[in-house]
$ cat input20.tsv   # TSV, C-alpha atoms
chain	number	residue	atom	x	y	z
A	1	MET	CA	-32.88	-114.21	14.20
A	2	SER	CA	-29.73	-112.95	12.44
A	3	ASN	CA	-26.72	-111.93	14.50
A	4	GLU	CA	-25.28	-109.62	11.71
A	5	ALA	CA	-24.34	-106.01	12.77
A	6	SER	CA	-26.88	-103.39	11.82
A	7	SER	CA	-24.31	-100.58	11.26
A	8	SER	CA	-23.75	-99.31	7.65
A	9	LYS	CA	-20.43	-99.43	5.79
A	10	PRO	CA	-18.26	-96.32	5.78
A	11	SER	CA	-18.64	-94.05	2.65
A	12	THR	CA	-16.04	-94.56	0.00
A	13	ALA	CA	-16.52	-91.02	-1.64
A	14	PRO	CA	-13.18	-89.11	-1.94
A	15	VAL	CA	-12.60	-86.24	0.44
A	16	VAL	CA	-11.38	-82.97	-1.31
A	17	ALA	CA	-8.98	-81.01	0.84
A	18	ALA	CA	-9.10	-77.17	0.90
A	19	PRO	CA	-6.46	-75.75	-1.41
A	20	SER	CA	-3.42	-74.32	0.25
A	21	LYS	CA	-2.26	-70.74	-0.39
A	22	LEU	CA	0.20	-72.01	-2.96
A	23	GLU	CA	-2.60	-73.65	-4.82
A	24	GLN	CA	-4.86	-70.52	-5.10
A	25	PRO	CA	-5.86	-69.50	-8.69
A	26	THR	CA	-3.37	-67.10	-10.35
A	27	PRO	CA	-4.38	-64.10	-12.52
A	28	SER	CA	-4.89	-64.95	-16.13
A	29	SER	CA	-2.61	-63.61	-18.86
A	30	SER	CA	-5.47	-61.42	-20.17
A	31	THR	CA	-5.74	-59.69	-16.78
A	32	ASN	CA	-2.02	-58.96	-16.79
A	33	ALA	CA	-2.22	-57.49	-20.30
A	34	ARG	CA	-5.15	-55.28	-19.32
A	35	ASP	CA	-3.30	-53.93	-16.30
A	36	GLU	CA	-0.23	-53.24	-18.41
A	37	ARG	CA	-2.27	-51.31	-20.94
A	38	ALA	CA	-3.92	-49.27	-18.19
A	39	PHE	CA	-0.53	-48.44	-16.69
A	40	GLU	CA	0.85	-47.44	-20.07
A	41	ARG	CA	-2.08	-45.10	-20.66
A	42	TRP	CA	-1.51	-43.51	-17.26
A	43	ARG	CA	2.22	-43.18	-17.95
A	44	LYS	CA	1.66	-41.48	-21.30
A	45	SER	CA	-0.95	-39.15	-19.79
A	46	ALA	CA	1.42	-38.15	-17.00
A	47	ALA	CA	4.27	-37.66	-19.47
A	48	TRP	CA	2.05	-35.49	-21.69
A	49	LEU	CA	1.07	-33.32	-18.75
A	50	THR	CA	4.59	-32.89	-17.38
A	51	GLY	CA	6.70	-33.27	-20.52
A	52	ILE	CA	8.93	-35.76	-18.70
A	53	GLY	CA	9.89	-38.86	-20.59
A	54	LEU	CA	8.74	-37.68	-24.02
A	55	SER	CA	10.79	-38.11	-27.14
A	56	PRO	CA	11.88	-34.97	-29.05
A	57	GLU	CA	9.10	-35.59	-31.58
A	58	GLU	CA	6.52	-35.99	-28.80
A	59	GLN	CA	7.85	-32.84	-27.10
A	60	ALA	CA	7.35	-30.86	-30.31
A	61	GLN	CA	3.86	-32.28	-30.78
A	62	ARG	CA	2.97	-31.48	-27.16
A	63	GLN	CA	4.19	-27.88	-27.50
A	64	SER	CA	2.30	-27.39	-30.75
A	65	GLN	CA	-0.91	-28.61	-29.15
A	66	ARG	CA	-0.43	-26.37	-26.12
A	67	ASP	CA	0.22	-23.36	-28.37
A	68	LEU	CA	-3.00	-24.02	-30.30
A	69	GLN	CA	-4.98	-24.34	-27.07
A	70	LYS	CA	-3.48	-21.08	-25.76
A	71	GLU	CA	-4.21	-19.28	-29.02
A	72	GLU	CA	-7.82	-20.47	-28.98
A	73	ALA	CA	-8.28	-19.34	-25.37
A	74	GLN	CA	-6.82	-15.90	-26.18
A	75	TRP	CA	-9.12	-15.54	-29.20
A	76	ILE	CA	-12.20	-16.46	-27.14
A	77	ARG	CA	-11.23	-13.94	-24.45
A	78	CYS	CA	-10.51	-11.21	-27.01
A	79	GLU	CA	-13.83	-11.71	-28.78
A	80	LYS	CA	-15.70	-11.73	-25.47
A	81	TRP	CA	-14.08	-8.49	-24.31
A	82	LYS	CA	-14.60	-6.90	-27.71
A	83	GLU	CA	-18.34	-7.61	-27.69
A	84	GLU	CA	-18.67	-6.36	-24.12
A	85	LEU	CA	-16.78	-3.13	-24.84
A	86	LEU	CA	-18.86	-2.47	-27.95
A	87	LYS	CA	-21.93	-2.54	-25.71
A	88	THR	CA	-20.75	-1.05	-22.42
A	89	SER	CA	-17.68	1.18	-22.93
A	90	PRO	CA	-18.68	4.87	-23.07
A	91	ALA	CA	-15.63	5.79	-25.14
A	92	VAL	CA	-15.97	2.90	-27.60
A	93	THR	CA	-19.71	3.38	-28.13
A	94	PHE	CA	-19.15	7.14	-28.53
A	95	MET	CA	-16.59	6.56	-31.28
A	96	MET	CA	-18.76	3.97	-33.02
A	97	LYS	CA	-21.68	6.41	-32.99
A	98	HIS	CA	-19.65	9.19	-34.59
A	99	LEU	CA	-18.12	6.84	-37.14
A	100	ARG	CA	-21.59	5.88	-38.32
A	101	ALA	CA	-22.61	9.54	-38.36
A	102	SER	CA	-19.62	10.20	-40.61
A	103	GLY	CA	-20.83	7.63	-43.11
A	104	ALA	CA	-18.86	4.57	-42.00
A	105	ASN	CA	-21.01	1.46	-41.78
A	106	VAL	CA	-18.72	0.04	-39.10
A	107	THR	CA	-19.61	-2.97	-36.95
A	108	GLY	CA	-17.81	-5.40	-34.71
A	109	ASP	CA	-17.00	-7.42	-37.82
A	110	HIS	CA	-14.51	-4.70	-38.79
A	111	ILE	CA	-12.57	-5.30	-35.55
A	112	HIS	CA	-10.51	-8.47	-35.70
A	113	CYS	CA	-8.89	-10.51	-32.93
A	114	GLN	CA	-5.72	-12.19	-34.16
A	115	PRO	CA	-2.41	-13.39	-32.72
A	116	CYS	CA	0.47	-11.06	-33.49
A	117	GLN	CA	3.40	-13.16	-32.25
A	118	LEU	CA	4.98	-9.96	-30.95
A	119	THR	CA	4.46	-7.65	-27.99
A	120	ARG	CA	1.84	-5.55	-29.74
A	121	ALA	CA	-1.66	-4.36	-28.93
A	122	GLY	CA	-3.29	-3.38	-32.21
A	123	GLY	CA	-3.32	-1.50	-35.47
A	124	PHE	CA	-5.52	-0.03	-38.20
A	125	SER	CA	-5.57	-0.73	-41.91
A	126	PRO	CA	-7.89	1.10	-44.34
A	127	GLU	CA	-8.35	-2.16	-46.21
A	128	SER	CA	-8.71	-4.59	-43.30
A	129	GLY	CA	-10.11	-2.54	-40.43
A	130	ILE	CA	-8.90	-2.71	-36.85
A	131	LEU	CA	-6.57	-5.37	-35.52
A	132	LEU	CA	-6.66	-6.36	-31.85
A	133	CYS	CA	-3.63	-8.43	-30.89
A	134	GLN	CA	-5.26	-11.12	-28.79
A	135	ASP	CA	-1.92	-12.10	-27.25
A	136	GLY	CA	-0.96	-8.52	-26.38
A	137	PHE	CA	-3.51	-7.56	-23.71
A	138	TRP	CA	-3.06	-7.90	-19.98
A	139	SER	CA	-6.51	-6.55	-19.07
A	140	LYS	CA	-9.87	-5.57	-20.49
A	141	SER	CA	-9.09	-1.87	-19.90
A	142	HIS	CA	-5.93	-2.29	-21.97
A	143	MET	CA	-8.05	-3.52	-24.85
A	144	GLU	CA	-10.49	-0.64	-24.36
A	145	ASP	CA	-7.70	1.92	-24.66
A	146	THR	CA	-6.38	0.25	-27.79
A	147	MET	CA	-9.83	0.13	-29.39
A	148	VAL	CA	-10.33	3.86	-28.82
A	149	HIS	CA	-6.90	4.63	-30.26
A	150	GLU	CA	-7.58	2.63	-33.43
A	151	LEU	CA	-11.13	3.99	-33.73
A	152	VAL	CA	-9.68	7.51	-33.81
A	153	HIS	CA	-7.59	6.43	-36.81
A	154	MET	CA	-10.68	4.95	-38.46
A	155	TYR	CA	-12.60	8.17	-37.77
A	156	ASP	CA	-9.84	10.25	-39.35
A	157	HIS	CA	-9.80	7.98	-42.38
A	158	THR	CA	-13.58	8.33	-42.79
A	159	LYS	CA	-13.97	11.98	-41.89
A	160	PHE	CA	-10.87	13.60	-43.38
A	161	LYS	CA	-9.89	11.28	-46.25
A	162	VAL	CA	-6.40	10.82	-44.92
A	163	ASP	CA	-3.61	9.85	-47.30
A	164	TRP	CA	-1.76	7.35	-45.15
A	165	LYS	CA	1.27	7.37	-47.44
A	166	ASP	CA	1.80	11.03	-46.55
A	167	LEU	CA	3.92	11.19	-43.39
A	168	ARG	CA	2.32	14.45	-42.28
A	169	HIS	CA	-1.18	12.98	-42.53
A	170	HIS	CA	-0.05	9.91	-40.64
A	171	ALA	CA	1.64	12.05	-38.00
A	172	CYS	CA	-1.47	14.14	-37.45
A	173	SER	CA	-3.64	11.09	-36.85
A	174	GLU	CA	-1.05	9.67	-34.46
A	175	VAL	CA	-0.99	12.89	-32.47
A	176	ARG	CA	-4.77	12.88	-32.25
A	177	ALA	CA	-5.01	9.17	-31.32
A	178	ALA	CA	-2.40	9.46	-28.57
A	179	ASN	CA	-3.97	12.65	-27.28
A	180	LEU	CA	-7.59	11.44	-27.23
A	181	SER	CA	-7.38	7.77	-26.34
A	182	GLY	CA	-5.88	8.01	-22.87
A	183	ASP	CA	-2.53	6.58	-23.96
A	184	CYS	CA	-0.71	9.31	-22.06
A	185	LYS	CA	-2.38	9.17	-18.69
A	186	TRP	CA	0.12	10.11	-15.95
A	187	SER	CA	-0.08	6.76	-14.15
A	188	ARG	CA	0.61	4.93	-17.39
A	189	GLU	CA	3.65	7.05	-18.08
A	190	ILE	CA	5.01	6.19	-14.64
A	191	ARG	CA	4.58	2.54	-15.50
A	192	ARG	CA	6.62	3.09	-18.68
A	193	GLY	CA	9.31	4.91	-16.73
A	194	PHE	CA	8.45	8.40	-18.01
A	195	TYR	CA	7.20	10.98	-15.56
A	196	THR	CA	7.48	14.72	-15.14
A	197	PHE	CA	5.52	17.37	-13.31
A	198	SER	CA	5.11	19.71	-16.26
A	199	LYS	CA	3.97	19.07	-19.81
A	200	GLN	CA	3.92	15.33	-19.17
A	201	HIS	CA	0.91	14.76	-21.41
A	202	GLN	CA	2.31	16.71	-24.36
A	203	ASP	CA	5.71	15.04	-24.08
A	204	CYS	CA	4.05	11.63	-24.09
A	205	VAL	CA	1.86	12.41	-27.09
A	206	ARG	CA	4.83	13.69	-29.07
A	207	ARG	CA	7.05	10.74	-28.16
A	208	ARG	CA	4.46	8.10	-29.00
A	209	ALA	CA	3.47	9.81	-32.24
A	210	VAL	CA	7.10	9.85	-33.35
A	211	LEU	CA	7.51	6.16	-32.48
A	212	SER	CA	4.48	5.26	-34.54
A	213	VAL	CA	5.47	7.35	-37.56
A	214	MET	CA	8.90	5.71	-37.47
A	215	SER	CA	7.20	2.38	-38.23
A	216	HIS	CA	5.85	3.78	-41.51
A	217	PRO	CA	7.55	2.05	-44.47
A	218	ASP	CA	8.41	5.39	-46.07
A	219	CYS	CA	9.87	6.99	-42.96
A	220	GLY	CA	13.15	5.29	-42.26
A	221	ASP	CA	14.57	7.23	-39.33
A	222	GLN	CA	13.68	9.15	-36.21
A	223	ALA	CA	14.66	12.56	-37.57
A	224	LYS	CA	12.20	12.24	-40.44
A	225	ALA	CA	9.43	11.14	-38.06
A	226	GLU	CA	10.13	14.03	-35.67
A	227	LYS	CA	10.03	16.49	-38.55
A	228	ALA	CA	6.60	15.22	-39.67
A	229	VAL	CA	5.21	15.40	-36.13
A	230	ASN	CA	6.59	18.88	-35.52
A	231	GLU	CA	5.05	20.21	-38.72
A	232	VAL	CA	1.52	19.22	-37.69
A	233	TRP	CA	1.88	19.46	-33.93
A	234	GLU	CA	0.01	22.63	-33.04
A	235	SER	CA	-3.04	22.16	-35.24
A	236	CYS	CA	-3.47	18.42	-34.67
A	237	LEU	CA	-3.03	18.57	-30.89
A	238	LYS	CA	-5.84	21.13	-30.74
A	239	ASP	CA	-8.12	19.07	-32.98
A	240	THR	CA	-10.15	16.94	-30.56
A	241	ARG	CA	-12.97	15.89	-32.87
A	242	PRO	CA	-15.28	14.06	-32.26
A	243	PHE	CA	-14.65	14.81	-28.57
A	244	ASP	CA	-15.20	18.33	-27.36
A	245	GLU	CA	-11.92	18.07	-25.48
A	246	GLN	CA	-9.41	15.43	-24.43
A	247	LEU	CA	-10.98	12.18	-23.35
A	248	PRO	CA	-12.22	12.61	-19.74
A	249	ILE	CA	-10.40	10.69	-17.03
A	250	PRO	CA	-13.30	8.22	-16.40
A	251	TYR	CA	-13.01	7.08	-20.01
A	252	ARG	CA	-9.32	6.41	-19.71
A	253	SER	CA	-7.83	3.15	-18.49
A	254	ASN	CA	-4.39	2.37	-17.12
A	255	SER	CA	-3.13	0.49	-20.13
A	256	GLU	CA	-0.44	0.71	-22.75
A	257	HIS	CA	-0.70	0.78	-26.52
A	258	ASP	CA	2.02	-0.94	-28.49
A	259	PHE	CA	2.65	-0.82	-32.19
A	260	ASP	CA	2.15	-3.55	-34.77
A	261	VAL	CA	4.62	-3.07	-37.61
A	262	ARG	CA	2.34	-5.00	-39.95
A	263	PHE	CA	-0.06	-2.04	-39.93
A	264	TRP	CA	1.01	1.38	-41.15
A	265	ILE	CA	-1.42	3.26	-38.92
A	266	LEU	CA	-0.83	2.33	-35.34

$ encode --input "input20.tsv" --output "C-alpha coordinates"
Amino acid sequence: MSNEASSSKPSTAPVVAAPSKLEQPTPSSSTNARDERAFERWRKSAAWLTGIGLSPEEQAQRQSQRDLQKEEAQWIRCEKWKEELLKTSPAVTFMMKHLRASGANVTGDHIHCQPCQLTRAGGFSPESGILLCQDGFWSKSHMEDTMVHELVHMYDHTKFKVDWKDLRHHACSEVRAANLSGDCKWSREIRRGFYTFSKQHQDCVRRRAVLSVMSHPDCGDQAKAEKAVNEVWESCLKDTRPFDEQLPIPYRSNSEHDFDVRFWIL
(Lines of atoms letter the chains of each structure in order from A and count residues from 1; the text may use other names and numbers.)
(Lines give C-alpha, C1' and ligand atoms only; values in the text may rest on other atoms or scores of the structure.)
Protein backbone atom coordinates (compact mmCIF):
# COMPACT_ATOMS: atom_id res chain seq x y z
CA MET A 1 0.00 0.00 0.00
CA SER A 2 1.49 3.36 -1.05
CA ASN A 3 2.45 5.89 1.59
CA GLU A 4 2.19 8.92 -0.85
CA ALA A 5 0.05 11.92 0.34
CA SER A 6 -3.40 12.08 -1.16
CA SER A 7 -3.62 15.92 -1.18
CA SER A 8 -3.59 17.73 -4.61
CA LYS A 9 -0.98 20.27 -5.71
CA PRO A 10 -1.77 23.96 -5.29
CA SER A 11 -3.17 25.71 -8.45
CA THR A 12 -0.64 27.59 -10.48
CA ALA A 13 -3.26 29.94 -12.23
CA PRO A 14 -2.34 33.67 -11.82
CA VAL A 15 -4.40 35.71 -9.40
CA VAL A 16 -5.67 39.09 -10.89
CA ALA A 17 -5.81 41.82 -8.30
CA ALA A 18 -8.67 44.39 -8.31
CA PRO A 19 -7.56 47.58 -10.01
CA SER A 20 -6.80 50.47 -7.76
CA LYS A 21 -8.51 53.86 -8.17
CA LEU A 22 -5.54 55.11 -10.14
CA GLU A 23 -5.95 52.27 -12.54
CA GLN A 24 -9.69 52.88 -13.33
CA PRO A 25 -10.53 53.40 -17.07
CA THR A 26 -10.33 57.06 -18.19
CA PRO A 27 -12.84 58.74 -20.55
CA SER A 28 -12.00 58.32 -24.18
CA SER A 29 -11.01 61.27 -26.37
CA SER A 30 -14.31 60.95 -28.29
CA THR A 31 -16.28 61.46 -25.05
CA ASN A 32 -14.30 64.59 -24.28
CA ALA A 33 -14.94 65.98 -27.76
CA ARG A 34 -18.66 65.29 -27.46
CA ASP A 35 -18.87 67.09 -24.14
CA GLU A 36 -16.97 70.05 -25.54
CA ARG A 37 -19.34 70.31 -28.48
CA ALA A 38 -22.36 70.15 -26.16
CA PHE A 39 -20.91 72.90 -23.98
CA GLU A 40 -20.17 75.06 -27.00
CA ARG A 41 -23.75 74.70 -28.23
CA TRP A 42 -25.04 75.70 -24.80
CA ARG A 43 -22.66 78.67 -24.68
CA LYS A 44 -23.75 79.94 -28.10
CA SER A 45 -27.42 79.48 -27.21
CA ALA A 46 -26.98 81.44 -23.98
CA ALA A 47 -25.03 84.16 -25.79
CA TRP A 48 -27.75 84.42 -28.46
CA LEU A 49 -30.43 84.79 -25.82
CA THR A 50 -28.59 87.38 -23.74
CA GLY A 51 -26.40 89.06 -26.34
CA ILE A 52 -23.39 88.65 -24.06
CA GLY A 53 -20.20 87.47 -25.67
CA LEU A 54 -21.29 87.97 -29.28
CA SER A 55 -19.12 89.59 -31.88
CA PRO A 56 -20.36 92.81 -33.54
CA GLU A 57 -21.38 90.78 -36.60
CA GLU A 58 -23.27 88.28 -34.44
CA GLN A 59 -24.91 91.14 -32.53
CA ALA A 60 -26.18 92.64 -35.80
CA GLN A 61 -27.42 89.25 -36.99
CA ARG A 62 -29.17 88.64 -33.65
CA GLN A 63 -30.89 92.04 -33.76
CA SER A 64 -32.02 91.52 -37.35
CA GLN A 65 -33.55 88.17 -36.47
CA ARG A 66 -35.31 89.62 -33.42
CA ASP A 67 -36.70 92.48 -35.52
CA LEU A 68 -38.08 90.04 -38.08
CA GLN A 69 -39.69 87.94 -35.35
CA LYS A 70 -41.25 91.06 -33.79
CA GLU A 71 -42.53 92.27 -37.15
CA GLU A 72 -44.10 88.89 -37.87
CA ALA A 73 -45.80 88.81 -34.46
CA GLN A 74 -47.17 92.33 -34.98
CA TRP A 75 -48.51 91.40 -38.42
CA ILE A 76 -50.24 88.29 -37.07
CA ARG A 77 -51.83 90.32 -34.25
CA CYS A 78 -52.92 93.09 -36.63
CA GLU A 79 -54.51 90.66 -39.07
CA LYS A 80 -56.28 88.83 -36.24
CA TRP A 81 -57.71 92.05 -34.79
CA LYS A 82 -58.68 93.28 -38.24
CA GLU A 83 -60.68 90.14 -39.02
CA GLU A 84 -62.37 90.24 -35.62
CA LEU A 85 -63.32 93.92 -35.95
CA LEU A 86 -64.71 93.37 -39.45
CA LYS A 87 -67.07 90.82 -37.91
CA THR A 88 -67.87 92.19 -34.47
CA SER A 89 -67.34 95.98 -34.33
CA PRO A 90 -70.66 97.85 -34.73
CA ALA A 91 -68.94 100.95 -36.10
CA VAL A 92 -66.70 99.07 -38.54
CA THR A 93 -69.48 96.84 -39.87
CA PHE A 94 -71.75 99.89 -40.18
CA MET A 95 -69.19 101.70 -42.31
CA MET A 96 -68.50 98.63 -44.45
CA LYS A 97 -72.23 98.24 -45.07
CA HIS A 98 -72.63 101.84 -46.24
CA LEU A 99 -69.50 101.67 -48.37
CA ARG A 100 -70.95 98.73 -50.26
CA ALA A 101 -74.28 100.54 -50.55
CA SER A 102 -72.39 103.45 -52.12
CA GLY A 103 -70.95 101.18 -54.79
CA ALA A 104 -67.59 100.30 -53.25
CA ASN A 105 -66.83 96.60 -53.45
CA VAL A 106 -64.68 96.84 -50.33
CA THR A 107 -63.44 93.81 -48.39
CA GLY A 108 -60.82 93.07 -45.78
CA ASP A 109 -58.33 92.72 -48.63
CA HIS A 110 -58.47 96.49 -49.07
CA ILE A 111 -57.24 96.98 -45.48
CA HIS A 112 -53.53 96.26 -45.15
CA CYS A 113 -51.41 95.60 -42.08
CA GLN A 114 -47.86 96.85 -42.57
CA PRO A 115 -44.99 98.16 -40.45
CA CYS A 116 -44.62 101.92 -40.60
CA GLN A 117 -41.32 102.36 -38.74
CA LEU A 118 -42.77 105.50 -37.17
CA THR A 119 -45.25 106.28 -34.42
CA ARG A 120 -48.26 106.15 -36.71
CA ALA A 121 -51.60 104.37 -36.69
CA GLY A 122 -52.90 104.38 -40.25
CA GLY A 123 -53.77 106.14 -43.46
CA PHE A 124 -55.88 106.00 -46.62
CA SER A 125 -54.83 106.03 -50.25
CA PRO A 126 -57.34 106.01 -53.14
CA GLU A 127 -54.99 103.70 -55.02
CA SER A 128 -53.94 101.34 -52.23
CA GLY A 129 -56.81 101.35 -49.76
CA ILE A 130 -56.44 101.56 -46.00
CA LEU A 131 -53.15 101.17 -44.17
CA LEU A 132 -53.07 99.89 -40.59
CA CYS A 133 -49.69 100.45 -38.98
CA GLN A 134 -49.17 97.13 -37.25
CA ASP A 135 -46.45 98.59 -35.02
CA GLY A 136 -48.53 101.61 -34.00
CA PHE A 137 -51.36 100.08 -31.95
CA TRP A 138 -51.39 99.62 -28.20
CA SER A 139 -54.83 97.97 -28.08
CA LYS A 140 -57.58 96.48 -30.19
CA SER A 141 -59.82 99.50 -29.49
CA HIS A 142 -57.07 101.76 -30.83
CA MET A 143 -57.15 99.83 -34.08
CA GLU A 144 -60.96 100.03 -34.16
CA ASP A 145 -60.88 103.81 -33.89
CA THR A 146 -58.30 104.04 -36.64
CA MET A 147 -60.28 101.76 -38.94
CA VAL A 148 -63.41 103.90 -38.53
CA HIS A 149 -61.42 107.07 -39.22
CA GLU A 150 -59.94 105.68 -42.43
CA LEU A 151 -63.27 104.15 -43.51
CA VAL A 152 -64.82 107.62 -43.31
CA HIS A 153 -62.17 108.79 -45.78
CA MET A 154 -62.92 105.83 -48.03
CA TYR A 155 -66.64 106.59 -47.81
CA ASP A 156 -66.04 110.21 -48.79
CA HIS A 157 -63.90 109.13 -51.71
CA THR A 158 -66.63 106.75 -52.93
CA LYS A 159 -69.68 108.87 -52.18
CA PHE A 160 -68.53 112.39 -52.98
CA LYS A 161 -65.74 111.91 -55.55
CA VAL A 162 -63.26 113.86 -53.50
CA ASP A 163 -60.32 115.52 -55.21
CA TRP A 164 -57.60 114.78 -52.69
CA LYS A 165 -55.21 117.28 -54.27
CA ASP A 166 -57.64 120.05 -53.33
CA LEU A 167 -56.82 121.19 -49.79
CA ARG A 168 -60.43 122.15 -49.09
CA HIS A 169 -61.69 118.69 -50.07
CA HIS A 170 -59.00 117.10 -47.94
CA ALA A 171 -59.82 119.39 -45.02
CA CYS A 172 -63.52 118.55 -45.19
CA SER A 173 -62.87 114.82 -45.03
CA GLU A 174 -60.47 115.31 -42.12
CA VAL A 175 -63.07 117.29 -40.20
CA ARG A 176 -65.64 114.58 -40.80
CA ALA A 177 -63.27 111.71 -39.89
CA ALA A 178 -62.14 113.35 -36.65
CA ASN A 179 -65.72 114.25 -35.77
CA LEU A 180 -67.28 110.85 -36.48
CA SER A 181 -64.63 108.32 -35.53
CA GLY A 182 -64.33 109.04 -31.82
CA ASP A 183 -60.87 110.59 -32.15
CA CYS A 184 -61.92 113.47 -29.93
CA LYS A 185 -63.47 111.71 -26.99
CA TRP A 186 -62.90 113.72 -23.80
CA SER A 187 -60.89 111.00 -22.04
CA ARG A 188 -58.60 110.70 -25.03
CA GLU A 189 -57.98 114.42 -25.08
CA ILE A 190 -56.98 114.28 -21.42
CA ARG A 191 -54.50 111.58 -22.31
CA ARG A 192 -53.02 113.86 -24.98
CA GLY A 193 -52.83 116.74 -22.52
CA PHE A 194 -55.73 118.74 -24.00
CA TYR A 195 -58.82 119.27 -21.91
CA THR A 196 -61.40 121.99 -21.48
CA PHE A 197 -64.93 122.17 -20.14
CA SER A 198 -66.43 123.93 -23.14
CA LYS A 199 -66.18 123.20 -26.85
CA GLN A 200 -63.60 120.49 -26.19
CA HIS A 201 -64.87 118.29 -29.01
CA GLN A 202 -64.88 121.07 -31.62
CA ASP A 203 -61.42 122.27 -30.59
CA CYS A 204 -60.07 118.75 -30.92
CA VAL A 205 -61.65 118.18 -34.33
CA ARG A 206 -60.26 121.46 -35.64
CA ARG A 207 -56.78 120.86 -34.24
CA ARG A 208 -56.48 117.33 -35.59
CA ALA A 209 -57.87 118.28 -38.98
CA VAL A 210 -55.28 121.04 -39.28
CA LEU A 211 -52.48 118.65 -38.31
CA SER A 212 -53.55 116.19 -40.96
CA VAL A 213 -53.92 118.78 -43.72
CA MET A 214 -50.44 120.06 -42.88
CA SER A 215 -49.06 116.67 -43.95
CA HIS A 216 -50.47 117.16 -47.45
CA PRO A 217 -47.60 117.60 -49.96
CA ASP A 218 -49.19 120.76 -51.38
CA CYS A 219 -49.85 122.44 -48.05
CA GLY A 220 -46.52 123.48 -46.64
CA ASP A 221 -47.43 125.40 -43.50
CA GLN A 222 -49.90 125.64 -40.66
CA ALA A 223 -51.49 128.88 -41.82
CA LYS A 224 -52.48 127.34 -45.14
CA ALA A 225 -53.91 124.28 -43.40
CA GLU A 226 -55.90 126.41 -40.95
CA LYS A 227 -57.30 128.47 -43.82
CA ALA A 228 -58.52 125.33 -45.63
CA VAL A 229 -60.14 123.95 -42.47
CA ASN A 230 -61.81 127.24 -41.62
CA GLU A 231 -63.32 127.54 -45.09
CA VAL A 232 -65.14 124.21 -44.83
CA TRP A 233 -65.65 124.07 -41.09
CA GLU A 234 -69.34 124.81 -40.66
CA SER A 235 -70.71 122.66 -43.45
CA CYS A 236 -68.39 119.68 -42.94
CA LEU A 237 -68.79 119.54 -39.16
CA LYS A 238 -72.56 119.30 -39.64
CA ASP A 239 -72.25 116.59 -42.30
CA THR A 240 -72.46 113.33 -40.35
CA ARG A 241 -73.24 110.94 -43.20
CA PRO A 242 -73.56 107.96 -43.08
CA PHE A 243 -74.26 108.38 -39.34
CA ASP A 244 -77.36 110.24 -38.32
CA GLU A 245 -75.26 112.10 -35.78
CA GLN A 246 -71.83 111.91 -34.18
CA LEU A 247 -70.71 108.38 -33.43
CA PRO A 248 -72.42 107.28 -30.18
CA ILE A 249 -70.23 106.83 -27.12
CA PRO A 250 -70.50 102.98 -27.10
CA TYR A 251 -68.92 102.93 -30.55
CA ARG A 252 -65.99 105.04 -29.45
CA SER A 253 -62.82 103.66 -27.90
CA ASN A 254 -60.16 105.35 -25.81
CA SER A 255 -57.48 105.39 -28.47
CA GLU A 256 -55.42 107.82 -30.45
CA HIS A 257 -55.06 108.25 -34.18
CA ASP A 258 -51.67 109.28 -35.51
CA PHE A 259 -50.75 110.35 -38.99
CA ASP A 260 -48.72 108.48 -41.58
CA VAL A 261 -46.96 110.99 -43.83
CA ARG A 262 -46.73 108.38 -46.58
CA PHE A 263 -50.49 108.73 -47.12
CA TRP A 264 -52.04 112.02 -48.11
CA ILE A 265 -55.39 111.28 -46.48
CA LEU A 266 -54.88 110.52 -42.85

$ residues_around --input "input20.tsv" --residues "Ala73 in chain A" --least-positions-apart "5" --cutoff "10 Å" --atoms "all atoms listed in the file" --output "MDAnalysis selection string"
chainID A and resid 67:68 78 134:135

$ atom_distance --input "input20.tsv" --atom1 "CA of Arg191 in chain A" --atom2 "CA of Phe124 in chain A"
25.0 Å

$ atom_distance --input "input20.tsv" --atom1 "CA of Ser89 in chain A" --atom2 "CA of Arg192 in chain A"
24.7 Å

$ closest_residue --input "input20.tsv" --among "A:His201, A:Lys97, A:His153, A:Arg206" --to "Val175 in chain A" --atoms "only C-alpha atoms"
A:Arg206

$ closest_residue --input "input20.tsv" --among "A:Lys185, A:His170, A:Lys82, A:Arg208" --to "Met147 in chain A" --atoms "only C-alpha atoms"
A:Lys82

$ residues_around --input "input20.tsv" --residues "Thr107 in chain A" --least-positions-apart "2" --cutoff "12 Å" --atoms "only C-alpha atoms" --output "mmCIF file with C-alpha atoms, in the frame of the given file"
data_model
loop_
_atom_site.group_PDB
_atom_site.id
_atom_site.type_symbol
_atom_site.label_atom_id
_atom_site.label_comp_id
_atom_site.auth_asym_id
_atom_site.auth_seq_id
_atom_site.Cartn_x
_atom_site.Cartn_y
_atom_site.Cartn_z
ATOM 1 C CA LYS A 82 -14.600 -6.900 -27.710
ATOM 2 C CA GLU A 83 -18.340 -7.610 -27.690
ATOM 3 C CA LEU A 86 -18.860 -2.470 -27.950
ATOM 4 C CA LYS A 87 -21.930 -2.540 -25.710
ATOM 5 C CA VAL A 92 -15.970 2.900 -27.600
ATOM 6 C CA THR A 93 -19.710 3.380 -28.130
ATOM 7 C CA MET A 95 -16.590 6.560 -31.280
ATOM 8 C CA MET A 96 -18.760 3.970 -33.020
ATOM 9 C CA LYS A 97 -21.680 6.410 -32.990
ATOM 10 C CA LEU A 99 -18.120 6.840 -37.140
ATOM 11 C CA ARG A 100 -21.590 5.880 -38.320
ATOM 12 C CA ALA A 104 -18.860 4.570 -42.000
ATOM 13 C CA ASN A 105 -21.010 1.460 -41.780
ATOM 14 C CA ASP A 109 -17.000 -7.420 -37.820
ATOM 15 C CA HIS A 110 -14.510 -4.700 -38.790
ATOM 16 C CA ILE A 111 -12.570 -5.300 -35.550
ATOM 17 C CA HIS A 112 -10.510 -8.470 -35.700
ATOM 18 C CA GLY A 129 -10.110 -2.540 -40.430
ATOM 19 C CA ILE A 130 -8.900 -2.710 -36.850
ATOM 20 C CA LEU A 151 -11.130 3.990 -33.730
#

$ atom_distance --input "input20.tsv" --atom1 "CA of Gln114 in chain A" --atom2 "CA of Ser141 in chain A"
17.9 Å

$ residues_around --input "input20.tsv" --residues "Asp156 in chain A" --least-positions-apart "6" --cutoff "12 Å" --atoms "all atoms listed in the file" --output "list in words"
Met95, His98, Leu99, Ser102, Gly103, Ala104, Phe124, Pro126, His149, Glu150, Val162, Asp163, Trp164, His169, His170, Ala171, Cys172, Ser173, Glu174, Val175, Arg176, Ala177, Cys236, Asp239, Thr240, Arg241, Pro242 and Ile265 of chain A
